[in-house]
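Visitor: Dropping in run.csv, which is CSV, N, CA and C atoms:
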chain,number,residue,atom,x,y,z
A,1,MET,N,-11.7,-33.9,49.2
A,1,MET,CA,-11.4,-35.2,49.7
A,1,MET,C,-12.5,-35.8,50.5
A,2,LEU,N,-12.8,-37.0,50.3
A,2,LEU,CA,-13.9,-37.7,51.0
A,2,LEU,C,-13.5,-38.2,52.3
A,3,THR,N,-14.5,-38.2,53.3
A,3,THR,CA,-14.2,-38.8,54.6
A,3,THR,C,-14.3,-40.3,54.4
A,4,LYS,N,-13.9,-41.0,55.4
A,4,LYS,CA,-13.9,-42.5,55.3
A,4,LYS,C,-15.4,-42.9,55.1
A,5,LYS,N,-16.3,-42.3,55.8
A,5,LYS,CA,-17.7,-42.6,55.7
A,5,LYS,C,-18.2,-42.4,54.3
A,6,GLU,N,-17.9,-41.2,53.8
A,6,GLU,CA,-18.3,-40.9,52.4
A,6,GLU,C,-17.7,-41.8,51.4
A,7,ASN,N,-16.4,-42.1,51.6
A,7,ASN,CA,-15.7,-43.0,50.7
A,7,ASN,C,-16.4,-44.4,50.7
A,8,LYS,N,-16.7,-44.9,51.9
A,8,LYS,CA,-17.4,-46.2,52.0
A,8,LYS,C,-18.7,-46.2,51.2
A,9,LYS,N,-19.5,-45.1,51.4
A,9,LYS,CA,-20.8,-45.0,50.7
A,9,LYS,C,-20.6,-44.9,49.2
A,10,TYR,N,-19.6,-44.2,48.8
A,10,TYR,CA,-19.3,-44.1,47.4
A,10,TYR,C,-19.0,-45.5,46.8
A,11,TYR,N,-18.2,-46.3,47.4
A,11,TYR,CA,-17.9,-47.6,46.9
A,11,TYR,C,-19.1,-48.5,47.0
A,12,GLU,N,-20.0,-48.4,48.0
A,12,GLU,CA,-21.2,-49.1,48.0
A,12,GLU,C,-22.1,-48.8,46.8
A,13,ILE,N,-22.2,-47.6,46.5
A,13,ILE,CA,-23.0,-47.1,45.3
A,13,ILE,C,-22.4,-47.7,44.0
A,14,LEU,N,-21.1,-47.7,43.9
A,14,LEU,CA,-20.4,-48.2,42.7
A,14,LEU,C,-20.7,-49.7,42.6
A,15,LYS,N,-20.6,-50.4,43.7
A,15,LYS,CA,-20.8,-51.9,43.7
A,15,LYS,C,-22.2,-52.2,43.2
A,16,GLY,N,-23.2,-51.4,43.5
A,16,GLY,CA,-24.6,-51.6,43.1
A,16,GLY,C,-24.9,-51.3,41.7
A,17,MET,N,-23.9,-50.7,41.0
A,17,MET,CA,-24.2,-50.3,39.6
A,17,MET,C,-23.7,-51.5,38.6
A,18,SER,N,-24.4,-51.5,37.5
A,18,SER,CA,-24.0,-52.5,36.5
A,18,SER,C,-22.7,-51.9,35.8
A,19,GLY,N,-22.1,-52.8,35.0
A,19,GLY,CA,-20.9,-52.3,34.2
A,19,GLY,C,-21.3,-51.3,33.2
A,20,GLU,N,-22.5,-51.5,32.6
A,20,GLU,CA,-23.0,-50.5,31.7
A,20,GLU,C,-23.3,-49.2,32.3
A,21,GLN,N,-23.8,-49.1,33.5
A,21,GLN,CA,-24.0,-47.8,34.2
A,21,GLN,C,-22.7,-47.1,34.5
A,22,LYS,N,-21.7,-47.9,34.9
A,22,LYS,CA,-20.4,-47.3,35.2
A,22,LYS,C,-19.7,-46.8,33.9
A,23,LEU,N,-19.9,-47.5,32.9
A,23,LEU,CA,-19.3,-47.1,31.6
A,23,LEU,C,-20.0,-45.8,31.1
A,24,ARG,N,-21.3,-45.8,31.2
A,24,ARG,CA,-22.0,-44.6,30.8
A,24,ARG,C,-21.6,-43.4,31.6
A,25,ILE,N,-21.5,-43.5,32.9
A,25,ILE,CA,-21.1,-42.4,33.7
A,25,ILE,C,-19.6,-42.0,33.4
A,26,SER,N,-18.8,-42.9,33.1
A,26,SER,CA,-17.4,-42.5,32.7
A,26,SER,C,-17.4,-41.7,31.4
A,27,PHE,N,-18.2,-42.1,30.4
A,27,PHE,CA,-18.3,-41.4,29.2
A,27,PHE,C,-18.9,-40.0,29.4
A,28,GLU,N,-19.9,-39.9,30.3
A,28,GLU,CA,-20.5,-38.6,30.6
A,28,GLU,C,-19.4,-37.7,31.3
A,29,MET,N,-18.6,-38.3,32.1
A,29,MET,CA,-17.6,-37.5,32.8
A,29,MET,C,-16.5,-37.0,31.8
A,30,TYR,N,-16.2,-37.9,30.9
A,30,TYR,CA,-15.2,-37.5,29.8
A,30,TYR,C,-15.8,-36.3,29.0
A,31,ASP,N,-17.0,-36.5,28.6
A,31,ASP,CA,-17.7,-35.4,27.8
A,31,ASP,C,-17.7,-34.1,28.5
A,32,PHE,N,-18.1,-34.2,29.8
A,32,PHE,CA,-18.1,-33.0,30.6
A,32,PHE,C,-16.8,-32.3,30.7
A,33,THR,N,-15.7,-33.1,31.0
A,33,THR,CA,-14.4,-32.6,31.1
A,33,THR,C,-13.9,-31.9,29.8
A,34,MET,N,-14.2,-32.6,28.7
A,34,MET,CA,-13.8,-32.0,27.4
A,34,MET,C,-14.5,-30.6,27.1
A,35,LYS,N,-15.8,-30.6,27.4
A,35,LYS,CA,-16.6,-29.3,27.3
A,35,LYS,C,-16.1,-28.3,28.2
A,36,PHE,N,-15.7,-28.6,29.4
A,36,PHE,CA,-15.2,-27.7,30.4
A,36,PHE,C,-13.9,-27.1,29.9
A,37,VAL,N,-13.0,-28.0,29.5
A,37,VAL,CA,-11.7,-27.5,29.0
A,37,VAL,C,-11.8,-26.6,27.8
A,38,GLU,N,-12.7,-27.0,26.8
A,38,GLU,CA,-12.9,-26.2,25.7
A,38,GLU,C,-13.5,-24.8,26.0
A,39,ALA,N,-14.4,-24.8,26.9
A,39,ALA,CA,-15.0,-23.5,27.4
A,39,ALA,C,-13.9,-22.7,28.0
A,40,SER,N,-13.1,-23.3,28.8
A,40,SER,CA,-12.0,-22.5,29.5
A,40,SER,C,-11.1,-21.9,28.5
A,41,ILE,N,-10.7,-22.7,27.5
A,41,ILE,CA,-9.8,-22.2,26.5
A,41,ILE,C,-10.4,-21.1,25.7
A,42,ARG,N,-11.7,-21.3,25.3
A,42,ARG,CA,-12.4,-20.3,24.5
A,42,ARG,C,-12.6,-19.0,25.3
A,43,ASN,N,-12.7,-19.1,26.6
A,43,ASN,CA,-12.8,-17.9,27.5
A,43,ASN,C,-11.5,-17.2,27.5
A,44,GLN,N,-10.4,-17.9,27.5
A,44,GLN,CA,-9.1,-17.3,27.5
A,44,GLN,C,-8.7,-16.7,26.2
A,45,TYR,N,-9.1,-17.4,25.1
A,45,TYR,CA,-8.8,-17.0,23.7
A,45,TYR,C,-10.1,-17.0,22.9
A,46,PRO,N,-10.8,-15.9,23.0
A,46,PRO,CA,-12.1,-15.8,22.4
A,46,PRO,C,-12.1,-16.0,20.8
A,47,LYS,N,-11.0,-15.6,20.2
A,47,LYS,CA,-11.0,-15.7,18.7
A,47,LYS,C,-10.1,-16.8,18.2
A,48,ILE,N,-10.0,-17.8,19.0
A,48,ILE,CA,-9.2,-19.0,18.7
A,48,ILE,C,-9.8,-19.8,17.5
A,49,SER,N,-8.9,-20.3,16.6
A,49,SER,CA,-9.4,-21.1,15.5
A,49,SER,C,-9.6,-22.5,16.0
A,50,LYS,N,-10.3,-23.3,15.1
A,50,LYS,CA,-10.6,-24.7,15.5
A,50,LYS,C,-9.3,-25.5,15.7
A,51,GLU,N,-8.3,-25.2,14.8
A,51,GLU,CA,-7.0,-25.9,14.8
A,51,GLU,C,-6.2,-25.5,16.1
A,52,GLU,N,-6.2,-24.3,16.4
A,52,GLU,CA,-5.5,-23.8,17.6
A,52,GLU,C,-6.2,-24.4,18.8
A,53,LEU,N,-7.5,-24.4,18.8
A,53,LEU,CA,-8.3,-25.0,19.9
A,53,LEU,C,-7.9,-26.5,20.1
A,54,LYS,N,-7.9,-27.2,19.1
A,54,LYS,CA,-7.5,-28.6,19.2
A,54,LYS,C,-6.1,-28.8,19.8
A,55,GLN,N,-5.2,-27.9,19.4
A,55,GLN,CA,-3.8,-28.0,19.9
A,55,GLN,C,-3.8,-27.7,21.4
A,56,LYS,N,-4.5,-26.6,21.8
A,56,LYS,CA,-4.6,-26.2,23.2
A,56,LYS,C,-5.2,-27.4,24.1
A,57,ILE,N,-6.2,-28.0,23.5
A,57,ILE,CA,-6.8,-29.2,24.2
A,57,ILE,C,-5.8,-30.3,24.4
A,58,LYS,N,-5.0,-30.6,23.4
A,58,LYS,CA,-4.0,-31.6,23.4
A,58,LYS,C,-2.9,-31.3,24.5
A,59,GLU,N,-2.6,-30.0,24.6
A,59,GLU,CA,-1.6,-29.5,25.6
A,59,GLU,C,-2.1,-29.7,27.0
A,60,ARG,N,-3.4,-29.5,27.2
A,60,ARG,CA,-4.0,-29.6,28.5
A,60,ARG,C,-4.3,-31.0,28.9
A,61,ILE,N,-4.7,-31.8,27.9
A,61,ILE,CA,-5.1,-33.2,28.2
A,61,ILE,C,-4.3,-34.1,27.4
A,62,PRO,N,-3.0,-34.4,27.8
A,62,PRO,CA,-2.2,-35.3,27.0
A,62,PRO,C,-2.7,-36.7,27.1
A,63,LYS,N,-2.5,-37.5,26.0
A,63,LYS,CA,-3.0,-38.9,26.0
A,63,LYS,C,-1.9,-39.8,26.4
Could you write out this structure as structure tokens?
Guide:
Amino acid sequence: MLTKKENKKYYEILKGMSGEQKLRISFEMYDFTMKFVEASIRNQYPKISKEELKQKIKERIPK
């Protein structure tokens, strides 16, 4: 959790970014999250099939 000072600085940084920069960062965060979840599942189930992996991802990240 951020302190009030850190939170203020965070929003100042966001305000200084273009919409394109914010969108790019959000896509990068999504990609990172998906790779992290996939790696976590593969670590737990080393011999998982592609179809089973897709299902496990859907269970962890519902839309």
Visitor: Atom CA of A:Ala39 and atom C of A:Ile57 are how many Å apart?
Guide: 11.8 Å
Visitor: State, in Å with one decimal place, the distance from atom CA of A:Tyr11 to atom CA of A:Lys63.
Guide: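 Atom CA of A:Tyr11 sits 27.1 Å away from atom CA of A:Lys63.
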Visitor: Write out as an mmCIF file with N, CA and C atoms, in the coordinates of the input all residues of chain A that backbone DSSP assigns to alpha helix (DSSP H).
Guide:
data_model
loop_
_atom_site.group_PDB
_atom_site.id
_atom_site.type_symbol
_atom_site.label_atom_id
_atom_site.label_comp_id
_atom_site.auth_asym_id
_atom_site.auth_seq_id
_atom_site.Cartn_x
_atom_site.Cartn_y
_atom_site.Cartn_z
ATOM 1 N N LYS A 4 -13.900 -41.000 55.400
ATOM 2 C CA LYS A 4 -13.900 -42.500 55.300
ATOM 3 C C LYS A 4 -15.400 -42.900 55.100
ATOM 4 N N LYS A 5 -16.300 -42.300 55.800
ATOM 5 C CA LYS A 5 -17.700 -42.600 55.700
ATOM 6 C C LYS A 5 -18.200 -42.400 54.300
ATOM 7 N N GLU A 6 -17.900 -41.200 53.800
ATOM 8 C CA GLU A 6 -18.300 -40.900 52.400
ATOM 9 C C GLU A 6 -17.700 -41.800 51.400
ATOM 10 N N ASN A 7 -16.400 -42.100 51.600
ATOM 11 C CA ASN A 7 -15.700 -43.000 50.700
ATOM 12 C C ASN A 7 -16.400 -44.400 50.700
ATOM 13 N N LYS A 8 -16.700 -44.900 51.900
ATOM 14 C CA LYS A 8 -17.400 -46.200 52.000
ATOM 15 C C LYS A 8 -18.700 -46.200 51.200
ATOM 16 N N LYS A 9 -19.500 -45.100 51.400
ATOM 17 C CA LYS A 9 -20.800 -45.000 50.700
ATOM 18 C C LYS A 9 -20.600 -44.900 49.200
ATOM 19 N N TYR A 10 -19.600 -44.200 48.800
ATOM 20 C CA TYR A 10 -19.300 -44.100 47.400
ATOM 21 C C TYR A 10 -19.000 -45.500 46.800
ATOM 22 N N TYR A 11 -18.200 -46.300 47.400
ATOM 23 C CA TYR A 11 -17.900 -47.600 46.900
ATOM 24 C C TYR A 11 -19.100 -48.500 47.000
ATOM 25 N N GLU A 12 -20.000 -48.400 48.000
ATOM 26 C CA GLU A 12 -21.200 -49.100 48.000
ATOM 27 C C GLU A 12 -22.100 -48.800 46.800
ATOM 28 N N ILE A 13 -22.200 -47.600 46.500
ATOM 29 C CA ILE A 13 -23.000 -47.100 45.300
ATOM 30 C C ILE A 13 -22.400 -47.700 44.000
ATOM 31 N N LEU A 14 -21.100 -47.700 43.900
ATOM 32 C CA LEU A 14 -20.400 -48.200 42.700
ATOM 33 C C LEU A 14 -20.700 -49.700 42.600
ATOM 34 N N LYS A 15 -20.600 -50.400 43.700
ATOM 35 C CA LYS A 15 -20.800 -51.900 43.700
ATOM 36 C C LYS A 15 -22.200 -52.200 43.200
ATOM 37 N N GLY A 19 -22.100 -52.800 35.000
ATOM 38 C CA GLY A 19 -20.900 -52.300 34.200
ATOM 39 C C GLY A 19 -21.300 -51.300 33.200
ATOM 40 N N GLU A 20 -22.500 -51.500 32.600
ATOM 41 C CA GLU A 20 -23.000 -50.500 31.700
ATOM 42 C C GLU A 20 -23.300 -49.200 32.300
ATOM 43 N N GLN A 21 -23.800 -49.100 33.500
ATOM 44 C CA GLN A 21 -24.000 -47.800 34.200
ATOM 45 C C GLN A 21 -22.700 -47.100 34.500
ATOM 46 N N LYS A 22 -21.700 -47.900 34.900
ATOM 47 C CA LYS A 22 -20.400 -47.300 35.200
ATOM 48 C C LYS A 22 -19.700 -46.800 33.900
ATOM 49 N N LEU A 23 -19.900 -47.500 32.900
ATOM 50 C CA LEU A 23 -19.300 -47.100 31.600
ATOM 51 C C LEU A 23 -20.000 -45.800 31.100
ATOM 52 N N ARG A 24 -21.300 -45.800 31.200
ATOM 53 C CA ARG A 24 -22.000 -44.600 30.800
ATOM 54 C C ARG A 24 -21.600 -43.400 31.600
ATOM 55 N N ILE A 25 -21.500 -43.500 32.900
ATOM 56 C CA ILE A 25 -21.100 -42.400 33.700
ATOM 57 C C ILE A 25 -19.600 -42.000 33.400
ATOM 58 N N SER A 26 -18.800 -42.900 33.100
ATOM 59 C CA SER A 26 -17.400 -42.500 32.700
ATOM 60 C C SER A 26 -17.400 -41.700 31.400
ATOM 61 N N PHE A 27 -18.200 -42.100 30.400
ATOM 62 C CA PHE A 27 -18.300 -41.400 29.200
ATOM 63 C C PHE A 27 -18.900 -40.000 29.400
ATOM 64 N N GLU A 28 -19.900 -39.900 30.300
ATOM 65 C CA GLU A 28 -20.500 -38.600 30.600
ATOM 66 C C GLU A 28 -19.400 -37.700 31.300
ATOM 67 N N MET A 29 -18.600 -38.300 32.100
ATOM 68 C CA MET A 29 -17.600 -37.500 32.800
ATOM 69 C C MET A 29 -16.500 -37.000 31.800
ATOM 70 N N TYR A 30 -16.200 -37.900 30.900
ATOM 71 C CA TYR A 30 -15.200 -37.500 29.800
ATOM 72 C C TYR A 30 -15.800 -36.300 29.000
ATOM 73 N N ASP A 31 -17.000 -36.500 28.600
ATOM 74 C CA ASP A 31 -17.700 -35.400 27.800
ATOM 75 C C ASP A 31 -17.700 -34.100 28.500
ATOM 76 N N PHE A 32 -18.100 -34.200 29.800
ATOM 77 C CA PHE A 32 -18.100 -33.000 30.600
ATOM 78 C C PHE A 32 -16.800 -32.300 30.700
ATOM 79 N N THR A 33 -15.700 -33.100 31.000
ATOM 80 C CA THR A 33 -14.400 -32.600 31.100
ATOM 81 C C THR A 33 -13.900 -31.900 29.800
ATOM 82 N N MET A 34 -14.200 -32.600 28.700
ATOM 83 C CA MET A 34 -13.800 -32.000 27.400
ATOM 84 C C MET A 34 -14.500 -30.600 27.100
ATOM 85 N N LYS A 35 -15.800 -30.600 27.400
ATOM 86 C CA LYS A 35 -16.600 -29.300 27.300
ATOM 87 C C LYS A 35 -16.100 -28.300 28.200
ATOM 88 N N PHE A 36 -15.700 -28.600 29.400
ATOM 89 C CA PHE A 36 -15.200 -27.700 30.400
ATOM 90 C C PHE A 36 -13.900 -27.100 29.900
ATOM 91 N N VAL A 37 -13.000 -28.000 29.500
ATOM 92 C CA VAL A 37 -11.700 -27.500 29.000
ATOM 93 C C VAL A 37 -11.800 -26.600 27.800
ATOM 94 N N GLU A 38 -12.700 -27.000 26.800
ATOM 95 C CA GLU A 38 -12.900 -26.200 25.700
ATOM 96 C C GLU A 38 -13.500 -24.800 26.000
ATOM 97 N N ALA A 39 -14.400 -24.800 26.900
ATOM 98 C CA ALA A 39 -15.000 -23.500 27.400
ATOM 99 C C ALA A 39 -13.900 -22.700 28.000
ATOM 100 N N SER A 40 -13.100 -23.300 28.800
ATOM 101 C CA SER A 40 -12.000 -22.500 29.500
ATOM 102 C C SER A 40 -11.100 -21.900 28.500
ATOM 103 N N ILE A 41 -10.700 -22.700 27.500
ATOM 104 C CA ILE A 41 -9.800 -22.200 26.500
ATOM 105 C C ILE A 41 -10.400 -21.100 25.700
ATOM 106 N N ARG A 42 -11.700 -21.300 25.300
ATOM 107 C CA ARG A 42 -12.400 -20.300 24.500
ATOM 108 C C ARG A 42 -12.600 -19.000 25.300
ATOM 109 N N ASN A 43 -12.700 -19.100 26.600
ATOM 110 C CA ASN A 43 -12.800 -17.900 27.500
ATOM 111 C C ASN A 43 -11.500 -17.200 27.500
ATOM 112 N N GLN A 44 -10.400 -17.900 27.500
ATOM 113 C CA GLN A 44 -9.100 -17.300 27.500
ATOM 114 C C GLN A 44 -8.700 -16.700 26.200
ATOM 115 N N LYS A 50 -10.300 -23.300 15.100
ATOM 116 C CA LYS A 50 -10.600 -24.700 15.500
ATOM 117 C C LYS A 50 -9.300 -25.500 15.700
ATOM 118 N N GLU A 51 -8.300 -25.200 14.800
ATOM 119 C CA GLU A 51 -7.000 -25.900 14.800
ATOM 120 C C GLU A 51 -6.200 -25.500 16.100
ATOM 121 N N GLU A 52 -6.200 -24.300 16.400
ATOM 122 C CA GLU A 52 -5.500 -23.800 17.600
ATOM 123 C C GLU A 52 -6.200 -24.400 18.800
ATOM 124 N N LEU A 53 -7.500 -24.400 18.800
ATOM 125 C CA LEU A 53 -8.300 -25.000 19.900
ATOM 126 C C LEU A 53 -7.900 -26.500 20.100
ATOM 127 N N LYS A 54 -7.900 -27.200 19.100
ATOM 128 C CA LYS A 54 -7.500 -28.600 19.200
ATOM 129 C C LYS A 54 -6.100 -28.800 19.800
ATOM 130 N N GLN A 55 -5.200 -27.900 19.400
ATOM 131 C CA GLN A 55 -3.800 -28.000 19.900
ATOM 132 C C GLN A 55 -3.800 -27.700 21.400
ATOM 133 N N LYS A 56 -4.500 -26.600 21.800
ATOM 134 C CA LYS A 56 -4.600 -26.200 23.200
ATOM 135 C C LYS A 56 -5.200 -27.400 24.100
ATOM 136 N N ILE A 57 -6.200 -28.000 23.500
ATOM 137 C CA ILE A 57 -6.800 -29.200 24.200
ATOM 138 C C ILE A 57 -5.800 -30.300 24.400
ATOM 139 N N LYS A 58 -5.000 -30.600 23.400
ATOM 140 C CA LYS A 58 -4.000 -31.600 23.400
ATOM 141 C C LYS A 58 -2.900 -31.300 24.500
ATOM 142 N N GLU A 59 -2.600 -30.000 24.600
ATOM 143 C CA GLU A 59 -1.600 -29.500 25.600
ATOM 144 C C GLU A 59 -2.100 -29.700 27.000
ATOM 145 N N ARG A 60 -3.400 -29.500 27.200
ATOM 146 C CA ARG A 60 -4.000 -29.600 28.500
ATOM 147 C C ARG A 60 -4.300 -31.000 28.900
#
Visitor: Here is a test: counting only N, CA and C atoms, which residue of A:Glu20, A:Lys56, A:Ile25, A:Asn7 is nearest to A:Ile41?
Guide: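 Closest to A:Ile41, using only N, CA and C atoms: A:Lys56.
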Visitor: Considering only C-alpha atoms, return as a list in words whatever protein or nucleic-acid residues lie within 12 Å of A:Arg42, sequence-local ones (same chain, fewer than 4 positions apart) excluded.
Guide: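 After dropping sequence-adjacent residues, the list is Lys35, Phe36, Val37, Glu38, Pro46, Lys47, Ile48, Ser49, Lys50, Glu52, Leu53, Lys54, Lys56 and Ile57 of chain A.
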Visitor: Atom CA of A:Arg60 to atom CA of A:Met29: how many Å, to one decimal?
Guide: 16.3 Å
